[in-house]
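Shown next: start-v4.txt, given as compact mmCIF, C-alpha atoms and all ligand atoms.
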```
# COMPACT_ATOMS: atom_id res chain seq x y z
CA MET A 1 84.89 79.76 85.25
CA LYS A 2 81.91 77.95 83.76
CA ASN A 3 78.51 79.22 82.83
CA PHE A 4 79.30 82.67 81.48
CA PRO A 5 75.68 83.40 80.44
CA THR A 6 74.48 83.20 84.08
CA PHE A 7 77.45 85.27 85.19
CA HIS A 8 76.61 87.93 82.56
CA ARG A 9 72.94 88.00 83.48
CA LYS A 10 73.56 88.50 87.20
CA LEU A 11 76.31 91.06 86.66
CA LEU A 12 74.33 93.13 84.15
CA ALA A 13 71.19 93.09 86.32
CA TRP A 14 73.26 94.37 89.24
CA TYR A 15 74.89 97.01 87.02
CA ALA A 16 71.51 98.28 85.80
CA ASP A 17 70.37 98.75 89.42
CA SER A 18 73.54 99.85 91.16
CA ALA A 19 76.00 101.56 88.83
CA ARG A 20 77.10 105.09 89.62
CA ASP A 21 75.95 107.75 87.20
CA LEU A 22 79.27 109.08 85.90
CA PRO A 23 79.52 111.76 83.19
CA TRP A 24 81.65 109.63 80.85
CA ARG A 25 79.16 106.77 81.05
CA ARG A 26 76.42 108.83 79.42
CA THR A 27 78.15 108.80 76.05
CA HIS A 28 79.59 106.64 73.31
CA ASP A 29 81.80 109.49 72.13
CA PRO A 30 85.33 108.02 71.92
CA TYR A 31 86.86 111.44 72.61
CA ARG A 32 85.07 111.80 75.96
CA ILE A 33 85.74 108.19 76.88
CA TRP A 34 89.41 108.61 76.07
CA ILE A 35 89.75 111.79 78.18
CA SER A 36 88.03 110.13 81.14
CA GLU A 37 90.16 106.99 80.92
CA ILE A 38 93.41 108.94 80.84
CA MET A 39 92.31 111.10 83.77
CA LEU A 40 91.23 108.05 85.78
CA GLN A 41 94.70 106.49 85.59
CA GLN A 42 96.22 106.93 89.08
CA THR A 43 93.32 109.19 90.13
CA THR A 44 89.99 108.61 91.88
CA VAL A 45 86.59 109.08 90.26
CA VAL A 46 85.64 111.80 92.76
CA ALA A 47 88.78 113.79 91.98
CA VAL A 48 88.38 113.35 88.22
CA ILE A 49 84.76 114.54 87.78
CA PRO A 50 85.39 118.33 88.10
CA TYR A 51 88.56 118.07 85.97
CA PHE A 52 86.66 116.13 83.31
CA GLU A 53 83.88 118.70 83.18
CA ARG A 54 86.24 121.67 83.01
CA PHE A 55 88.40 120.00 80.37
CA LEU A 56 85.43 119.14 78.14
CA ALA A 57 83.98 122.62 78.52
CA ARG A 58 87.28 124.09 77.30
CA PHE A 59 88.13 121.43 74.70
CA PRO A 60 84.82 119.91 73.59
CA SER A 61 86.27 117.97 70.65
CA VAL A 62 89.45 116.34 69.49
CA ASP A 63 89.89 119.20 66.99
CA ALA A 64 89.68 121.77 69.76
CA LEU A 65 92.24 119.87 71.82
CA ALA A 66 94.58 119.37 68.85
CA ALA A 67 94.64 123.14 68.29
CA ALA A 68 95.38 123.91 71.95
CA ASP A 69 98.55 125.33 73.42
CA GLU A 70 100.36 122.95 75.79
CA THR A 71 100.42 125.57 78.57
CA ASN A 72 96.61 125.78 78.53
CA VAL A 73 96.27 121.99 78.59
CA LEU A 74 98.68 121.71 81.52
CA ARG A 75 96.91 124.52 83.35
CA LEU A 76 93.63 122.55 83.18
CA TRP A 77 95.47 119.41 84.28
CA GLU A 78 97.10 121.14 87.23
CA GLY A 79 96.64 119.14 90.44
CA LEU A 80 95.91 115.81 88.70
CA GLY A 81 99.61 114.92 88.63
CA TYR A 82 101.42 112.62 86.19
CA TYR A 83 101.65 115.47 83.72
CA SER A 84 103.01 113.33 80.91
CA ARG A 85 99.41 112.14 80.55
CA ALA A 86 98.31 115.66 79.57
CA LYS A 87 101.19 116.08 77.15
CA ASN A 88 100.41 112.73 75.54
CA LEU A 89 96.74 113.73 75.24
CA LEU A 90 97.76 116.73 73.21
CA ARG A 91 100.12 114.69 71.02
CA ALA A 92 97.49 112.00 70.47
CA ALA A 93 94.81 114.59 69.61
CA LYS A 94 97.11 116.05 66.95
CA ALA A 95 97.74 112.54 65.58
CA VAL A 96 93.99 111.79 65.41
CA VAL A 97 93.42 115.02 63.49
CA GLU A 98 96.43 114.69 61.20
CA LYS A 99 96.49 110.95 60.53
CA HIS A 100 92.87 109.89 61.05
CA HIS A 101 90.97 112.95 59.73
CA GLY A 102 89.71 113.78 63.22
CA GLN A 103 87.98 110.40 63.65
CA PHE A 104 89.01 108.12 66.50
CA PRO A 105 90.11 104.73 65.17
CA SER A 106 88.11 101.79 66.53
CA ASP A 107 90.82 99.17 65.97
CA ILE A 108 92.69 98.40 69.19
CA GLU A 109 96.01 97.95 67.40
CA VAL A 110 95.67 101.33 65.70
CA LEU A 111 94.53 102.96 68.94
CA GLN A 112 97.71 101.75 70.61
CA THR A 113 99.83 103.65 68.10
CA LEU A 114 98.55 106.91 69.64
CA PRO A 115 100.73 108.47 72.38
CA GLY A 116 99.68 107.49 75.90
CA ILE A 117 97.22 104.78 74.80
CA GLY A 118 98.16 101.34 76.02
CA ARG A 119 96.35 98.05 75.78
CA TYR A 120 93.88 98.80 78.57
CA THR A 121 92.90 102.28 77.32
CA ALA A 122 92.58 100.99 73.75
CA GLY A 123 90.26 98.25 75.00
CA ALA A 124 88.17 100.73 76.97
CA ILE A 125 87.75 103.09 73.98
CA ALA A 126 87.04 100.25 71.53
CA SER A 127 84.50 98.51 73.76
CA PHE A 128 82.75 101.50 75.39
CA ALA A 129 82.55 103.66 72.26
CA PHE A 130 82.32 101.09 69.45
CA ASP A 131 81.06 98.01 71.31
CA ILE A 132 83.95 95.93 70.04
CA PRO A 133 84.75 92.88 72.22
CA ALA A 134 88.10 94.21 73.41
CA PRO A 135 89.37 92.92 76.76
CA ILE A 136 90.41 95.24 79.57
CA VAL A 137 92.57 94.74 82.63
CA GLU A 138 93.17 97.72 84.92
CA ALA A 139 93.55 98.03 88.69
CA ASN A 140 89.92 97.21 89.56
CA THR A 141 89.43 94.38 87.08
CA LEU A 142 92.85 92.95 87.89
CA ARG A 143 91.75 92.52 91.51
CA LEU A 144 88.31 91.22 90.50
CA TYR A 145 89.64 88.68 87.98
CA CYS A 146 92.26 87.40 90.44
CA ARG A 147 89.54 86.76 93.01
CA LEU A 148 87.07 85.25 90.54
CA LEU A 149 89.81 82.89 89.35
CA GLY A 150 91.37 82.38 92.78
CA TYR A 151 94.67 83.39 91.16
CA GLN A 152 97.26 83.46 93.96
CA SER A 153 100.50 84.05 92.04
CA ASP A 154 101.84 87.47 91.07
CA PRO A 155 99.26 89.06 88.72
CA ARG A 156 101.83 91.58 87.47
CA SER A 157 104.28 88.95 86.23
CA SER A 158 104.22 88.06 82.54
CA VAL A 159 102.51 84.74 83.34
CA GLY A 160 99.96 86.49 85.56
CA GLN A 161 99.25 89.10 82.89
CA LYS A 162 98.70 86.38 80.33
CA VAL A 163 96.23 84.58 82.61
CA LEU A 164 94.27 87.76 83.32
CA TRP A 165 94.14 89.05 79.72
CA THR A 166 93.06 85.62 78.53
CA PHE A 167 90.26 85.61 81.09
CA ALA A 168 89.30 89.21 80.21
CA GLU A 169 88.90 88.10 76.59
CA ALA A 170 87.05 84.90 77.39
CA VAL A 171 84.52 86.57 79.71
CA LEU A 172 83.28 89.00 77.04
CA PRO A 173 80.02 88.25 75.23
CA LYS A 174 79.69 88.81 71.48
CA THR A 175 76.88 91.27 72.00
CA GLY A 176 77.15 94.18 74.43
CA PRO A 177 80.83 93.75 75.39
CA GLY A 178 81.17 97.45 76.21
CA ARG A 179 78.46 97.38 78.84
CA LEU A 180 79.85 94.17 80.31
CA ASN A 181 83.32 95.70 80.58
CA GLN A 182 81.81 98.71 82.35
CA ALA A 183 79.94 96.41 84.72
CA LEU A 184 83.13 94.48 85.52
CA MET A 185 85.02 97.69 86.26
CA GLU A 186 82.17 99.01 88.39
CA LEU A 187 81.99 95.79 90.37
CA GLY A 188 85.75 95.93 90.97
CA ALA A 189 85.58 99.60 91.99
CA THR A 190 82.59 99.46 94.33
CA VAL A 191 82.08 95.87 95.57
CA CYS A 192 85.25 93.84 95.03
CA ILE A 193 87.27 96.54 96.76
CA PRO A 194 90.85 96.02 97.98
CA LYS A 195 90.18 95.69 101.72
CA GLU A 196 87.14 93.85 102.98
CA PRO A 197 85.36 93.17 99.68
CA ARG A 198 81.59 93.33 100.01
CA CYS A 199 80.98 89.69 99.17
CA GLY A 200 77.62 89.69 100.96
CA ILE A 201 76.11 91.89 98.24
CA CYS A 202 78.22 90.65 95.34
CA PRO A 203 76.06 89.49 92.41
CA VAL A 204 78.67 86.99 91.21
CA SER A 205 79.80 85.44 94.51
CA ALA A 206 78.54 82.03 93.31
CA HIS A 207 81.16 82.23 90.53
CA CYS A 208 84.05 83.39 92.73
CA HIS A 209 86.85 81.02 93.69
CA ALA A 210 88.29 83.35 96.34
CA PHE A 211 84.87 83.63 98.01
CA ARG A 212 84.42 79.86 97.93
CA ASP A 213 87.90 79.31 99.43
CA GLY A 214 87.82 82.26 101.84
CA THR A 215 90.99 83.73 100.31
CA GLN A 216 89.70 87.21 99.42
CA SER A 217 92.11 88.90 101.85
CA VAL A 218 95.23 87.33 100.30
CA VAL A 219 94.18 87.56 96.65
CA PRO A 220 95.50 89.34 94.67
CA GLN A 221 99.10 89.07 95.80
CA GLN A 222 100.21 92.51 97.02
CA LYS A 223 102.93 94.59 95.39
CA SER A 224 106.02 95.01 97.53
CA LYS A 225 105.84 98.31 99.39
CA LYS A 226 107.82 101.28 98.10
CA VAL A 227 110.62 102.39 100.40
CA MET A 228 110.28 106.16 100.81
CA THR A 229 113.31 108.43 101.19
CA ALA A 230 112.98 111.70 103.13
CA ILE A 231 114.58 114.74 101.49
CA THR A 232 114.47 118.50 101.99
CA GLU A 233 114.06 120.98 99.14
CA VAL A 234 113.83 124.74 98.95
CA SER A 235 111.62 126.74 96.64
CA ILE A 236 112.83 130.32 96.31
CA ALA A 237 110.58 133.08 95.05
CA ILE A 238 112.99 135.75 93.84
CA ARG A 239 111.40 139.18 93.59
CA ARG A 240 112.39 142.01 91.28
CA GLY A 241 110.12 145.00 91.83
CA PRO A 242 106.54 143.70 91.79
CA LYS A 243 107.41 140.47 89.91
CA TYR A 244 108.71 137.04 90.83
CA LEU A 245 110.94 134.74 88.83
CA LEU A 246 109.36 131.63 87.32
CA ARG A 247 111.14 128.97 85.29
CA ARG A 248 109.64 126.41 82.93
CA CYS A 249 110.81 122.93 83.97
CA PRO A 250 112.70 121.33 81.09
CA LEU A 251 111.99 117.88 79.67
CA ASN A 252 114.49 116.02 81.84
CA GLU A 253 112.98 117.25 85.11
CA ARG A 254 110.09 116.33 87.35
CA TRP A 255 107.06 118.39 86.20
CA ALA A 256 108.47 118.93 82.72
CA GLY A 257 106.50 121.65 80.96
CA LEU A 258 105.13 123.18 84.18
CA TRP A 259 106.41 126.44 85.64
CA ASP A 260 107.95 126.73 89.08
CA PHE A 261 109.92 128.99 91.36
CA LEU A 262 113.58 128.04 91.54
CA ARG A 263 113.67 124.75 93.45
CA PHE A 264 116.46 122.44 94.51
CA GLU A 265 117.37 119.88 97.12
CA ILE A 266 119.42 120.87 100.12
CA ALA A 267 121.42 118.64 102.39
CA GLY A 268 120.73 118.14 106.05
CA ASP A 269 117.63 117.86 108.15
CA SER A 270 114.51 119.87 107.67
CA LYS A 271 115.20 122.31 110.52
CA SER A 272 118.09 124.45 109.34
CA VAL A 273 118.72 126.34 106.10
CA ASP A 274 122.17 127.61 105.27
CA THR A 275 121.44 130.94 103.56
CA ALA A 276 125.02 131.32 102.28
CA HIS A 277 124.58 128.00 100.47
CA LEU A 278 121.24 129.17 99.06
CA THR A 279 122.61 132.42 97.67
CA ASP A 280 125.60 130.60 96.16
CA THR A 281 123.36 127.99 94.52
CA VAL A 282 120.97 130.65 93.20
CA ARG A 283 123.89 132.57 91.72
CA GLU A 284 125.27 129.44 90.10
CA ARG A 285 121.91 128.43 88.61
CA THR A 286 120.43 131.77 87.64
CA GLY A 287 123.30 134.27 87.49
CA LEU A 288 121.45 136.45 90.05
CA ILE A 289 122.76 137.78 93.32
CA ILE A 290 120.02 137.64 95.90
CA GLU A 291 119.33 138.53 99.47
CA CYS A 292 117.36 135.80 101.20
CA GLY A 293 114.18 136.87 102.96
CA SER A 294 112.05 134.78 105.25
CA GLN A 295 110.64 131.30 105.03
CA ILE A 296 106.90 131.76 104.61
CA ALA A 297 105.80 128.13 104.56
CA GLU A 298 106.94 124.57 104.95
CA LEU A 299 105.01 122.10 102.81
CA LYS A 300 105.10 118.32 103.00
CA HIS A 301 104.40 116.18 99.96
CA ALA A 302 105.42 112.97 98.29
CA VAL A 303 106.62 112.41 94.73
CA THR A 304 107.40 108.89 93.48
CA ARG A 305 109.63 107.44 96.22
CA TYR A 306 110.48 110.72 97.93
CA ARG A 307 108.85 112.22 101.01
CA ILE A 308 109.67 115.88 100.59
CA THR A 309 109.82 118.73 103.07
CA LEU A 310 109.67 121.89 101.00
CA LYS A 311 110.79 125.17 102.49
CA CYS A 312 109.23 128.14 100.69
CA ILE A 313 111.55 131.11 100.94
CA THR A 314 111.35 134.61 99.55
CA ALA A 315 114.35 136.54 98.25
CA ILE A 316 115.11 139.84 96.56
CA ARG A 317 117.26 140.20 93.46
CA GLN A 318 120.15 142.53 94.22
CA ASP A 319 122.15 142.27 91.03
CA GLY A 320 123.17 140.06 88.15
CA ARG A 321 121.64 139.00 84.82
CA LEU A 322 119.70 135.83 84.16
CA LYS A 323 121.73 133.08 82.56
CA SER A 324 120.60 131.89 79.18
CA GLY A 325 119.60 128.26 78.59
CA ASN A 326 116.46 128.38 80.73
CA ASP A 327 112.94 129.54 80.06
CA TRP A 328 112.62 132.34 82.66
CA LYS A 329 109.76 134.78 83.22
CA TRP A 330 109.25 137.63 85.66
CA VAL A 331 105.60 137.39 86.64
CA LYS A 332 103.30 139.52 88.78
CA PRO A 333 101.40 137.56 91.47
CA ALA A 334 98.11 138.53 89.80
CA ASP A 335 99.30 136.64 86.68
CA PHE A 336 100.38 133.40 88.41
CA GLN A 337 97.04 131.86 87.47
CA LYS A 338 98.03 131.94 83.77
CA TYR A 339 100.85 129.47 84.38
CA PRO A 340 100.52 125.73 85.10
CA LEU A 341 102.29 125.00 88.40
CA SER A 342 102.77 121.92 90.53
CA VAL A 343 100.46 121.59 93.56
CA THR A 344 103.13 122.90 95.95
CA GLY A 345 104.15 125.60 93.46
CA ARG A 346 100.52 126.75 93.38
CA ARG A 347 100.29 126.84 97.17
CA PHE A 348 103.43 128.95 97.37
CA ALA A 349 102.11 131.22 94.59
CA GLU A 350 98.83 131.68 96.45
CA LEU A 351 100.68 132.72 99.61
CA LEU A 352 102.68 135.28 97.64
CA GLN A 353 99.53 136.51 95.94
CA ARG A 354 97.80 136.95 99.28
CA ASP A 355 100.78 138.86 100.67
CA SER A 356 100.89 141.16 97.64
CA MET A 357 97.26 142.26 98.02
S1 LIG B 1 82.53 87.39 96.00
FE1 LIG B 1 83.78 88.87 97.03
S2 LIG B 1 85.85 88.47 96.36
FE2 LIG B 1 84.47 87.43 94.94
S3 LIG B 1 84.15 88.86 93.26
FE3 LIG B 1 82.51 89.20 94.72
S4 LIG B 1 83.27 90.82 96.08
FE4 LIG B 1 85.02 90.00 94.97
```

Write the structure described by the file as structure tokens, please.
Amino acid sequence: MKNFPTFHRKLLAWYADSARDLPWRRTHDPYRIWISEIMLQQTTVVAVIPYFERFLARFPSVDALAAADETNVLRLWEGLGYYSRAKNLLRAAKAVVEKHHGQFPSDIEVLQTLPGIGRYTAGAIASFAFDIPAPIVEANTLRLYCRLLGYQSDPRSSVGQKVLWTFAEAVLPKTGPGRLNQALMELGATVCIPKEPRCGICPVSAHCHAFRDGTQSVVPQQKSKKVMTAITEVSIAIRRGPKYLLRRCPLNERWAGLWDFLRFEIAGDSKSVDTAHLTDTVRERTGLIIECGSQIAELKHAVTRYRITLKCITAIRQDGRLKSGNDWKWVKPADFQKYPLSVTGRRFAELLQRDSM
């Protein structure tokens, strides 16, 4: 692309008139910018705003976050998914306090030594907070840069990444790179959208190769679609007196660090449940002998490449002692809210809570 100054002028004028007023844009505080950028990975702006506000109200500074208990951090993260992000936030906050005296580094290489901070997030923190000309390429700017350049090959290949990062660096001005990066991301998020980009109102259409060639619908090259596998799982809420059994998911499991009712995959279609198999599996995994109760819900959800039908079943402990080697807790329904659960775990917990009232 030629004539960057004209490109900058048009883009920044559009940004001044049209940008959304988002809470993390009203600050140069690297802590707030970092939290927002981590939350925005894999999650929409609309979904993030209430989480961001709650998180900042509870942990207003990197020191407050560094001193937090992981359970409380995960509880605030509950529903955002990709929980390793929350665990890395906590680890990175501790590293900022311990190794950097509580001050966020501004150097992008140093930023990338912190857990969960990759090249894009480092560039966002460095440019938005410190106005350092650090390039950024994330989902929205990847699409925008491909179209501006008319780049038709795979943008996720190593060659494609090199092309895009080189462009992201070249497009930045020496003064005000943070604001320009924000304008590029905003344009990608609101105008140069995946389907039917709004080229008619785009401030930089005169600089866009895809617009000139009419190739917006085929650029960028699409990722190959994930093949989803259907599976059936059961979640069993085992009751002993007024309490139910929860287990903290260990590191090697989906939702590591969160709590859950006992959950496992069962064979067969989603219509039938073999209760003898359930009681045997529960005995093997927990050491408890149970009597299965009723199925109180069937929830559908997707995790990575699995489309899951989850049968939520109640049971009563008859006998047996809990096996060691797991983090178990007997919890009253009124106390479920103290524990971070997965989205489906929370829905099951809410049903049990409602039934116990
Ligand atoms: S002209 Fe269209 S395709 Fe090109 S950058 Fe603008 S919105 Fe995207």

Could you produce a table of the residues of chain A lying within 9 Å of ligand LIG 1 (chain B), with the nearest pair of atoms per residue and their separation in Å rounded to one decimal, using all atoms listed in the file, ordered by chain and increasing residue number, as CSV?
```
residue,atom,partner,partner_atom,distance
A:Arg143,CA,B:LIG1,FE4,8.0
A:Leu144,CA,B:LIG1,S3,5.5
A:Tyr145,CA,B:LIG1,S3,7.6
A:Cys146,CA,B:LIG1,S3,8.7
A:Arg147,CA,B:LIG1,S2,5.3
A:Leu148,CA,B:LIG1,S3,5.4
A:Leu149,CA,B:LIG1,FE2,9.0
A:Gly150,CA,B:LIG1,FE2,8.8
A:Leu187,CA,B:LIG1,S4,7.7
A:Gly188,CA,B:LIG1,FE4,7.2
A:Thr190,CA,B:LIG1,S4,8.8
A:Val191,CA,B:LIG1,S4,5.2
A:Cys192,CA,B:LIG1,S4,3.8
A:Ile193,CA,B:LIG1,S4,7.0
A:Pro194,CA,B:LIG1,FE4,8.9
A:Glu196,CA,B:LIG1,FE1,8.5
A:Pro197,CA,B:LIG1,S4,4.8
A:Arg198,CA,B:LIG1,S4,5.0
A:Cys199,CA,B:LIG1,FE1,3.6
A:Gly200,CA,B:LIG1,S1,7.3
A:Ile201,CA,B:LIG1,S4,7.6
A:Cys202,CA,B:LIG1,FE3,4.6
A:Pro203,CA,B:LIG1,FE3,6.9
A:Val204,CA,B:LIG1,FE3,5.7
A:Ser205,CA,B:LIG1,S1,3.7
A:Ala206,CA,B:LIG1,S1,7.2
A:His207,CA,B:LIG1,FE2,7.6
A:Cys208,CA,B:LIG1,FE2,4.6
A:His209,CA,B:LIG1,FE2,7.0
A:Ala210,CA,B:LIG1,S2,5.7
A:Phe211,CA,B:LIG1,S1,4.9
A:Arg212,CA,B:LIG1,S1,8.0
A:Gly214,CA,B:LIG1,S2,8.5
A:Thr215,CA,B:LIG1,S2,8.0
A:Gln216,CA,B:LIG1,S2,5.1
A:Ser217,CA,B:LIG1,S2,8.3
A:Val219,CA,B:LIG1,S2,8.4
```

Next on the checklist: Using Å and a single decimal, report how far CA of Tyr306 (chain A) sits from CA of Arg239 (chain A).
Outcome noted: 28.8 Å

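Shortest separation to Asp69 (chain A) among A:Lys94, A:Val163, A:Arg346, A:Asp355 occurs at residue A:Lys94, atoms counted being all atoms listed in the file.
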
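Comparing the minimum interatomic distances between Lys10 (chain A) and each of A:Ala183, A:Ile38, A:Leu172, A:Ala134, counting all atoms listed in the file, we find that A:Ala183 sits nearest.
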
Checklist entry - Which residues, written as a list in words, have at least one atom at most 7 Å from region 246-259 of chain A, with only C-alpha atoms counted and residues fewer than 4 positions away on the same chain left out? => result Tyr83, Asp327, Trp328, Lys329, Trp330, Val331, Tyr339, Pro340, Leu341 and Ser342 of chain A

Checklist entry - Which residues, protein or nucleic acid, reach to within 12 Å of (122.5, 131.5, 79.7) in the file's coordinates when using only C-alpha atoms, and can you give that as a ChimeraX atom specification? => result /A:284-288,321-328

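Counting all atoms listed in the file, Pro242 (chain A) has the following residues at most 9 Å away, ignoring those fewer than 2 positions along the same chain: Arg239, Arg240, Tyr244, Val331, Lys332, Pro333 and Ser356 of chain A.
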
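Here CA of Cys312 (chain A) is placed at a distance of 6.7 Å from CA of Phe348 (chain A).
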
Checklist entry - What is the distance between CA of Glu233 (chain A) and CA of Lys311 (chain A), in Å to one decimal? => result 6.3 Å

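Counting only C-alpha atoms and comparing A:Thr279, A:Thr121, A:Gln318, A:Gln103, the residue that lies closest to Ser61 (chain A) is A:Gln103.
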
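Remark: for Asp154 (chain A), the closest of the candidate residues A:Pro115, A:Phe104, A:Val218, A:Gln182 is A:Val218 (distances computed over all atoms listed in the file).
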
Please provide the set of residues having any atom within 10 Å of Gly123 (chain A), restricted to all atoms listed in the file, with same-chain residues fewer than 5 positions apart removed, written as a PDB file with C-alpha atoms, keeping the file's coordinate frame.
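Okay, part-v4.pdb is ready:
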```pdb
ATOM      1  CA  SER A 106      88.110 101.790  66.530  1.00  0.00           C
ATOM      2  CA  ASP A 107      90.820  99.170  65.970  1.00  0.00           C
ATOM      3  CA  ILE A 108      92.690  98.400  69.190  1.00  0.00           C
ATOM      4  CA  GLU A 109      96.010  97.950  67.400  1.00  0.00           C
ATOM      5  CA  LEU A 111      94.530 102.960  68.940  1.00  0.00           C
ATOM      6  CA  GLN A 112      97.710 101.750  70.610  1.00  0.00           C
ATOM      7  CA  ILE A 117      97.220 104.780  74.800  1.00  0.00           C
ATOM      8  CA  GLY A 118      98.160 101.340  76.020  1.00  0.00           C
ATOM      9  CA  PHE A 128      82.750 101.500  75.390  1.00  0.00           C
ATOM     10  CA  ALA A 129      82.550 103.660  72.260  1.00  0.00           C
ATOM     11  CA  ASP A 131      81.060  98.010  71.310  1.00  0.00           C
ATOM     12  CA  ILE A 132      83.950  95.930  70.040  1.00  0.00           C
ATOM     13  CA  PRO A 133      84.750  92.880  72.220  1.00  0.00           C
ATOM     14  CA  ALA A 134      88.100  94.210  73.410  1.00  0.00           C
ATOM     15  CA  PRO A 135      89.370  92.920  76.760  1.00  0.00           C
ATOM     16  CA  ILE A 136      90.410  95.240  79.570  1.00  0.00           C
ATOM     17  CA  VAL A 137      92.570  94.740  82.630  1.00  0.00           C
ATOM     18  CA  GLY A 178      81.170  97.450  76.210  1.00  0.00           C
ATOM     19  CA  ASN A 181      83.320  95.700  80.580  1.00  0.00           C
TER      20      ASN A 181
END
```
